[in-house]
Amino acid sequence: MRNFYAAILACCLVAGGAITSSDAFAFPQDTHPAQDGPLQPKVASKQQPLRPHEPLVTAKHGMVVTAQHLATQVGLNILKQGGNAVDAAVAVGYALAVVHPCCGNIGGGGFMTLHLADGRNLFLDFREKAPLAATPDMMQNAAGKVVKGRSTKTYLGVGVPGSVMGFDDALKKYGTMSLAKVMAPAIKLAKDGYVLEPGDVRILDTSTDYFRQHPNVAAIFLDHGQPWKAGQVLKQPQLAHTLELIAQGGTRAFYDGPIAAAVVKASRVNHGLLSLKDFRDYTAQWEKPIECEYHGYTIISSPPPSSGGTTICETLQIIAPYPFAKWGFHSTQSAHYFIEAERRAFADRNTYLGDPAFVHNPIKQLLSAEHAAELRASILPDKATPSAQVKGSLGPYQATNTTHYSIVDDEGNAVAVTYTVNSYFGIKQIAGNTGFFLNNEMDDFTSKPGVPNQFGLVQGKANQIEPGKRSLSSMSPTIVLKDGKLAMVTGSPGGSTIISTTMESILNVVEYGMNVKQAIDAPRIHMQWYPDEVFAEPGSFTPTVRDALEAMGYKIRTVRQMGDIAAIVVNLKTGELESVNDPRYPAGSAAGY
Ligand code: GLY
C-alpha cells in the first residue's frame, strides 16, 4: 500500500516549493521515496521554502498568472502590445512548452475555457486522442495482466497530441495576432535559452535518471550528464526549430509534415501505435461548457471528456443549502459536508463519465436539484459515511502533472487554460530531434476494467481504451461570473485533486470572503471516494477540528501540498484585477498592467 500512496503523491499532489516525491509529496510518516511511481526522485531532498509573503498583484487593464515567470512576462507583453487574452493565451501556451517543459507542452493536450467581453462562454477541447490502432486491452500482456509502466513510460502511452491544434483553433477564431507573432517569444526563449531558477531545477531534478536513459533527452535536459543547476542557462535549439516549423507552416507542419513524421517514426521504432493518419485526422472541438449557479455566482467549467466541471457543480449543488460562511473555513461542519459531498460526486464521476463521443454522460441527471437533494439526504450529520456504502463503481484516479494559467485582458475577455502531458515530462522521451516531450495520456484510460493500475485505480468501462477516444480528465479551467460579469478565473494541476483545489479556491473567495492571496495560501483538502481518506495539507484543521473529524470516522492523511492555483479575481468594489503566484510553485508569477 505504501507504494500506492507514494505513487499517488508523486504524481498527483503537485508540489511547487519542493517537487521531489521524496520530500514534497511524502507523508510526514512516510519519508522514503516510492519504488516505482513515474516521478521518482533520485536526488537528495532540497526543500525550498515556500514564499508565503509573496505580494498580491493588482492591475487595472490586464493580468496574467502562470507557473513560470518568463511565460507570465510573455503573456503580459502580448497584452501590452494590444493583443487580447486569446493572443496572450496562445503565446503563453507555447512559452510554457519551453520554460516549463514538465507540463507546458506541444506534445500533450488540454482545455480552454473562455468568457468573452460580449458575454459568450466557450470551451475548447484539445485533449489527446487514442491512436486508431488502440485496443481496450493494449496495456495487458497475453495473459491479460496489465503491464506495469506500459501506459506511462512507453510509446504505447502516447495519445495523439492536441495542443498545437487547440492553440491554432483558438487563435484563428478569437485572436487578433498572427501565429508567428505570438510564437516569437517562445522561439526566442528556446533558441537563446533562459536562466534556471531553483523552482525550475527542482522540477527537472524529479526525472534525472529518466533523462539519462535517452541520449537525445540527456543532451538537452542534463548538463554533460549532470543535473542543471540554478543560475545556468538552458537552451533548446531543437525545440526552437520545431516551433519555427509550426510558426511558418501552422498545424500542417505538426500534423501533416516533418514533425508528425518524426514522432510516427520514433513511435514505430519503439513499438508504439501512432500513425500519420492519427495526426492527419486529429481535431480539436468547441463544446458547450458546464454551467451552474452557486450563491449568486455562475460557475463555467469543463464538460466531458473532463470530469472537472461536472464534479465541481455537483459538489457545489449538494453543499449549497448549508451555511458554510457561518460555519467558517474548514470548521468541523463545513469540512464534514464538503468531504461528504465530494465523496458522492466523485462516486458519480467515476461511474458515469467518459468521452461523450463514445459514452452517454448523464449530466442533466447528475446536476439536477433532485439528485443533489437525494445525495444530501444520505449524509449523516455526525458521522463519516464509509465509501463502501456510497453507490457507484470504482473508478479512475487521475495521475498527473499538468499546468494551469489564467489571463484577463483590457476588454474584459478572460481565458483559463489547463493543459498537460500527464506525468511530469510525459513518457520522458522525445521523438528524434523534435525537442519536445510526448504525453502519457493513455494512462488516464482504463488499462483493464476492475484491475487497479499502479496508482491503485480500479477503472470503469466508460473510460476503456477505444480508437480515437479521449481519456477522462480532471482538468477544470473555470471562470466565475457575478451577475453576468467576470468575477474570477481559476484552475490548477494535480490530477483528481484539481477538482477540489479549484473548487476550494472559488469557495474561499465567494463563501468566506477571502482575497485572492488568502484564498490561494489557505490549506487544501481533498476527498475522492476511494481511497476512503481525506487528503489534507498541513494546517488544514485546528487540533480540535481534526479530533472531532477523526471521532466522526474520518481518516485524515496529511500531504505536504496540493495543486498550484493560477487565479485572477476581480475586486468587485474597485473593479481591479487581483492575482498572486501560488507559493507552492515558486517559479511562477502573476503580473499585470
Ligand atoms: N492527465 C490529467 C488529467 O487530464 O486529469
# chains A, B, ... in the order shown; residues from 1 in each chain; ligands from 1
$ residues_near_ligand --ligand "ligand 1" --cutoff "7 Å" --atoms "only C-alpha atoms and all ligand atoms" --output "JSON, numbers by chain"
{"A": [398, 399, 400, 401, 402, 420, 421, 422, 441, 444, 472, 473, 474, 475, 495, 496]}
$ write_last_selection --atoms "all heavy atoms" --output "short mmCIF file (atom, residue, chain, number, x, y, z; two decimals), in the first residue's frame"
data_model
loop_
_atom_site.label_atom_id
_atom_site.label_comp_id
_atom_site.auth_asym_id
_atom_site.auth_seq_id
_atom_site.Cartn_x
_atom_site.Cartn_y
_atom_site.Cartn_z
N GLN A 398 -7.00 9.96 -11.31
CA GLN A 398 -6.12 10.51 -12.33
C GLN A 398 -4.71 10.75 -11.81
O GLN A 398 -4.54 11.34 -10.75
CB GLN A 398 -6.69 11.84 -12.81
CG GLN A 398 -8.10 11.72 -13.33
CD GLN A 398 -8.17 10.98 -14.63
OE1 GLN A 398 -7.41 11.28 -15.53
NE2 GLN A 398 -9.05 10.03 -14.74
N ALA A 399 -3.77 10.29 -12.54
CA ALA A 399 -2.37 10.53 -12.18
C ALA A 399 -1.82 11.59 -13.12
O ALA A 399 -1.91 11.45 -14.31
CB ALA A 399 -1.58 9.26 -12.36
N THR A 400 -1.21 12.60 -12.57
CA THR A 400 -0.93 13.68 -13.48
C THR A 400 0.13 14.66 -13.01
O THR A 400 0.34 14.81 -11.82
CB THR A 400 -2.19 14.51 -13.72
OG1 THR A 400 -1.94 15.43 -14.76
CG2 THR A 400 -2.63 15.26 -12.50
N ASN A 401 0.77 15.28 -13.92
CA ASN A 401 1.25 16.62 -13.70
C ASN A 401 0.86 17.45 -14.89
O ASN A 401 0.93 17.00 -16.02
CB ASN A 401 2.74 16.66 -13.40
CG ASN A 401 2.91 16.63 -11.91
OD1 ASN A 401 2.60 17.59 -11.26
ND2 ASN A 401 3.37 15.51 -11.38
N THR A 402 0.53 18.62 -14.62
CA THR A 402 -0.27 19.43 -15.53
C THR A 402 0.08 20.86 -15.19
O THR A 402 0.78 21.14 -14.23
CB THR A 402 -1.75 19.09 -15.23
OG1 THR A 402 -1.98 17.72 -15.53
CG2 THR A 402 -2.74 19.96 -15.96
N THR A 420 -1.58 19.59 -20.45
CA THR A 420 -0.82 18.58 -19.73
C THR A 420 -0.13 17.60 -20.68
O THR A 420 -0.57 17.41 -21.81
CB THR A 420 -1.78 17.78 -18.81
OG1 THR A 420 -1.04 16.89 -18.00
CG2 THR A 420 -2.81 16.98 -19.61
N VAL A 421 0.95 16.99 -20.18
CA VAL A 421 1.47 15.77 -20.81
C VAL A 421 1.25 14.60 -19.85
O VAL A 421 1.85 13.56 -19.97
CB VAL A 421 2.96 15.89 -21.21
CG1 VAL A 421 3.11 16.73 -22.47
CG2 VAL A 421 3.82 16.43 -20.08
N ASN A 422 0.40 14.81 -18.83
CA ASN A 422 0.04 13.85 -17.79
C ASN A 422 1.13 13.81 -16.72
O ASN A 422 1.24 14.72 -15.95
CB ASN A 422 -0.29 12.47 -18.37
CG ASN A 422 -1.14 11.66 -17.39
OD1 ASN A 422 -1.60 12.18 -16.39
ND2 ASN A 422 -1.34 10.39 -17.66
N GLU A 441 -0.84 10.29 -21.87
CA GLU A 441 -2.26 10.45 -21.53
C GLU A 441 -3.05 9.15 -21.64
O GLU A 441 -4.15 9.03 -21.11
CB GLU A 441 -2.89 11.50 -22.45
CG GLU A 441 -3.80 12.48 -21.74
CD GLU A 441 -3.04 13.35 -20.75
OE1 GLU A 441 -2.13 14.07 -21.17
OE2 GLU A 441 -3.36 13.28 -19.55
N ASP A 444 -4.48 7.68 -18.55
CA ASP A 444 -5.74 8.16 -17.96
C ASP A 444 -6.91 7.26 -18.34
O ASP A 444 -8.01 7.41 -17.82
CB ASP A 444 -6.02 9.61 -18.38
CG ASP A 444 -5.35 10.61 -17.46
OD1 ASP A 444 -4.82 10.20 -16.41
OD2 ASP A 444 -5.35 11.81 -17.79
N LEU A 472 -10.67 10.14 -19.86
CA LEU A 472 -11.34 11.01 -18.90
C LEU A 472 -10.32 11.86 -18.14
O LEU A 472 -9.30 11.34 -17.67
CB LEU A 472 -12.16 10.17 -17.91
CG LEU A 472 -13.06 10.95 -16.96
CD1 LEU A 472 -14.14 11.71 -17.71
CD2 LEU A 472 -13.71 10.02 -15.93
N SER A 473 -10.61 13.12 -18.03
CA SER A 473 -9.69 14.07 -17.40
C SER A 473 -10.33 14.70 -16.16
O SER A 473 -11.55 14.65 -15.99
CB SER A 473 -9.35 15.16 -18.42
OG SER A 473 -8.67 16.23 -17.81
N SER A 474 -9.50 15.30 -15.33
CA SER A 474 -10.00 16.09 -14.20
C SER A 474 -9.71 17.58 -14.39
O SER A 474 -10.02 18.38 -13.51
CB SER A 474 -9.32 15.63 -12.91
OG SER A 474 -9.68 14.32 -12.62
N MET A 475 -9.10 17.93 -15.49
CA MET A 475 -8.69 19.32 -15.67
C MET A 475 -9.92 20.23 -15.70
O MET A 475 -10.89 19.93 -16.38
CB MET A 475 -7.87 19.47 -16.94
CG MET A 475 -6.54 18.73 -16.84
SD MET A 475 -5.43 19.08 -18.21
CE MET A 475 -6.26 18.25 -19.55
N GLY A 495 -4.08 16.21 -10.99
CA GLY A 495 -4.91 15.01 -11.13
C GLY A 495 -6.31 15.25 -10.58
O GLY A 495 -6.87 16.34 -10.73
N SER A 496 -6.86 14.25 -9.92
CA SER A 496 -8.23 14.42 -9.43
C SER A 496 -8.30 15.48 -8.33
O SER A 496 -9.37 16.02 -8.07
CB SER A 496 -8.76 13.08 -8.91
OG SER A 496 -7.81 12.51 -8.04
#
$ residues_around --residues "Lys555 in chain A" --least-positions-apart "4" --cutoff "7 Å" --atoms "only C-alpha atoms" --output "list in words"
Glu533, Val534 and Glu550 of chain A
$ closest_residue --among "A:Phe541, A:Tyr294, A:Phe436, A:Tyr174" --to "Leu114 in chain A" --atoms "only C-alpha atoms"
A:Tyr174
$ closest_residue --among "A:Arg546, A:Lys229, A:His295, A:Lys364" --to "Pro198 in chain A" --atoms "only C-alpha atoms"
A:Lys229
$ select_by_dssp --residues "range 484-585 of chain A" --states "helix (DSSP H, G or I)" --output "list of chain:residue names"
A:Thr497, A:Ile498, A:Ile499, A:Ser500, A:Thr501, A:Thr502, A:Met503, A:Glu504, A:Ser505, A:Ile506, A:Leu507, A:Asn508, A:Val509, A:Val510, A:Val516, A:Lys517, A:Gln518, A:Ala519, A:Ile520, A:Asp521, A:Pro543, A:Thr544, A:Val545, A:Arg546, A:Asp547, A:Ala548, A:Leu549, A:Glu550, A:Ala551
$ write_last_selection --atoms "C-alpha atoms" --output "PDB file, in the first residue's frame"
ATOM      1  CA  THR A 497      -7.177  16.888  -6.720  1.00  0.00           C
ATOM      2  CA  ILE A 498      -7.570  19.565  -9.419  1.00  0.00           C
ATOM      3  CA  ILE A 499     -11.297  19.407  -8.807  1.00  0.00           C
ATOM      4  CA  SER A 500     -11.033  20.058  -5.053  1.00  0.00           C
ATOM      5  CA  THR A 501      -8.283  22.647  -5.366  1.00  0.00           C
ATOM      6  CA  THR A 502     -10.185  24.618  -7.995  1.00  0.00           C
ATOM      7  CA  MET A 503     -13.434  24.356  -6.049  1.00  0.00           C
ATOM      8  CA  GLU A 504     -11.834  25.433  -2.772  1.00  0.00           C
ATOM      9  CA  SER A 505     -10.272  28.466  -4.486  1.00  0.00           C
ATOM     10  CA  ILE A 506     -13.794  29.501  -5.506  1.00  0.00           C
ATOM     11  CA  LEU A 507     -15.369  28.786  -2.113  1.00  0.00           C
ATOM     12  CA  ASN A 508     -12.624  30.703  -0.326  1.00  0.00           C
ATOM     13  CA  VAL A 509     -13.474  33.807  -2.346  1.00  0.00           C
ATOM     14  CA  VAL A 510     -17.242  33.648  -2.782  1.00  0.00           C
ATOM     15  CA  VAL A 516      -7.066  36.008  -3.877  1.00  0.00           C
ATOM     16  CA  LYS A 517      -3.878  35.696  -1.824  1.00  0.00           C
ATOM     17  CA  GLN A 518      -5.675  34.384   1.227  1.00  0.00           C
ATOM     18  CA  ALA A 519      -7.676  32.015  -0.963  1.00  0.00           C
ATOM     19  CA  ILE A 520      -4.529  30.601  -2.576  1.00  0.00           C
ATOM     20  CA  ASP A 521      -2.386  30.422   0.559  1.00  0.00           C
ATOM     21  CA  PRO A 543      -6.358  20.226  16.530  1.00  0.00           C
ATOM     22  CA  THR A 544      -9.922  20.461  17.872  1.00  0.00           C
ATOM     23  CA  VAL A 545     -11.481  20.139  14.420  1.00  0.00           C
ATOM     24  CA  ARG A 546      -9.132  17.316  13.492  1.00  0.00           C
ATOM     25  CA  ASP A 547     -10.045  15.421  16.657  1.00  0.00           C
ATOM     26  CA  ALA A 548     -13.740  15.999  16.001  1.00  0.00           C
ATOM     27  CA  LEU A 549     -13.462  14.766  12.419  1.00  0.00           C
ATOM     28  CA  GLU A 550     -11.494  11.688  13.469  1.00  0.00           C
ATOM     29  CA  ALA A 551     -14.118  10.956  16.104  1.00  0.00           C
TER      30      ALA A 551
END
$ residues_around --residues "Leu116 in chain A" --least-positions-apart "5" --cutoff "10 Å" --atoms "only C-alpha atoms" --output "MDAnalysis selection string"
chainID A and resid 85:86 121:122 174 408:409 411:415 486
$ closest_residue --among "A:Asp137, A:Glu511, A:Asp281, A:Asp443" --to "Leu316 in chain A" --atoms "only C-alpha atoms"
A:Glu511
$ atom_distance --atom1 "CA of Glu370 in chain A" --atom2 "CA of Thr113 in chain A"
27.7 Å
$ residues_around --residues "Ser471 in chain A" --least-positions-apart "6" --cutoff "10 Å" --atoms "only C-alpha atoms" --output "list in words"
Arg127, Glu128, Lys129, Ala130, Gly159, Pro304, Pro305, Ser306, Gly354, Asp355, Glu441, Met442, Asp443, Asp444, Phe445, Thr446, Ala462, Asn463, Gln464 and Ile465 of chain A
$ write_last_selection --atoms "N, CA and C atoms" --output "compact mmCIF listing (two decimals), in the first residue's frame"
# COMPACT_ATOMS: atom_id res chain seq x y z
N ARG A 127 -7.93 17.85 -26.02
CA ARG A 127 -7.43 16.67 -25.33
C ARG A 127 -6.84 15.69 -26.36
N GLU A 128 -5.80 14.96 -25.96
CA GLU A 128 -5.23 13.95 -26.86
C GLU A 128 -6.25 12.85 -27.16
N LYS A 129 -6.07 12.19 -28.32
CA LYS A 129 -6.94 11.06 -28.68
C LYS A 129 -6.11 9.79 -28.72
N ALA A 130 -6.76 8.67 -28.44
CA ALA A 130 -6.09 7.37 -28.56
C ALA A 130 -5.80 7.12 -30.04
N GLY A 159 -0.87 9.53 -26.46
CA GLY A 159 -2.06 9.89 -27.23
C GLY A 159 -1.69 10.90 -28.30
N PRO A 304 -17.36 16.95 -20.15
CA PRO A 304 -16.65 15.77 -20.62
C PRO A 304 -16.04 16.01 -21.99
N PRO A 305 -14.86 15.47 -22.29
CA PRO A 305 -14.16 14.40 -21.57
C PRO A 305 -13.46 14.83 -20.29
N SER A 306 -13.69 16.03 -19.79
CA SER A 306 -13.22 16.31 -18.44
C SER A 306 -14.35 16.01 -17.46
N GLY A 354 -17.19 9.81 -19.25
CA GLY A 354 -16.20 9.39 -20.24
C GLY A 354 -16.30 10.30 -21.45
N ASP A 355 -15.55 9.99 -22.50
CA ASP A 355 -15.57 10.79 -23.72
C ASP A 355 -16.99 10.78 -24.31
N GLU A 441 -0.84 10.29 -21.87
CA GLU A 441 -2.26 10.45 -21.53
C GLU A 441 -3.05 9.15 -21.64
N MET A 442 -2.48 8.15 -22.34
CA MET A 442 -3.17 6.85 -22.43
C MET A 442 -3.33 6.23 -21.05
N ASP A 443 -2.50 6.67 -20.09
CA ASP A 443 -2.61 6.15 -18.73
C ASP A 443 -3.85 6.66 -18.01
N ASP A 444 -4.48 7.68 -18.55
CA ASP A 444 -5.74 8.16 -17.96
C ASP A 444 -6.91 7.26 -18.34
N PHE A 445 -6.70 6.37 -19.30
CA PHE A 445 -7.74 5.39 -19.66
C PHE A 445 -7.73 4.21 -18.68
N THR A 446 -8.75 3.37 -18.80
CA THR A 446 -8.79 2.10 -18.10
C THR A 446 -7.84 1.12 -18.80
N ALA A 462 -16.68 2.86 -18.93
CA ALA A 462 -16.96 4.11 -19.68
C ALA A 462 -15.66 4.75 -20.15
N ASN A 463 -14.58 4.43 -19.47
CA ASN A 463 -13.31 5.06 -19.79
C ASN A 463 -12.31 4.06 -20.38
N GLN A 464 -12.82 2.97 -20.97
CA GLN A 464 -11.88 1.99 -21.55
C GLN A 464 -11.27 2.55 -22.84
N ILE A 465 -10.13 2.00 -23.21
CA ILE A 465 -9.43 2.48 -24.42
C ILE A 465 -10.23 2.09 -25.66
$ residues_around --residues "range 327-344 of chain A" --least-positions-apart "2" --cutoff "7 Å" --atoms "only C-alpha atoms" --output "ChimeraX atom specification"
/A:315,318-319,323-325,346-348,375,379,390,512,527-529,540-541,545,548-549
$ atom_distance --atom1 "CA of Val489 in chain A" --atom2 "CA of Val569 in chain A"
6.5 Å
$ select_by_dssp --residues "range 371-447 of chain A" --states "strand (DSSP E)" --output "VMD selection string"
chain A and resid 401 to 408 414 to 422
$ atom_distance --atom1 "CA of Gly62 in chain A" --atom2 "CA of Asp410 in chain A"
5.2 Å
$ closest_residue --among "A:Gln213, A:Ser275, A:Thr434, A:Ser476" --to "Ala253 in chain A" --atoms "only C-alpha atoms"
A:Thr434
$ closest_residue --among "A:Ala95, A:Val233, A:Val158, A:Ala591" --to "Ile187 in chain A" --atoms "only C-alpha atoms"
A:Ala95
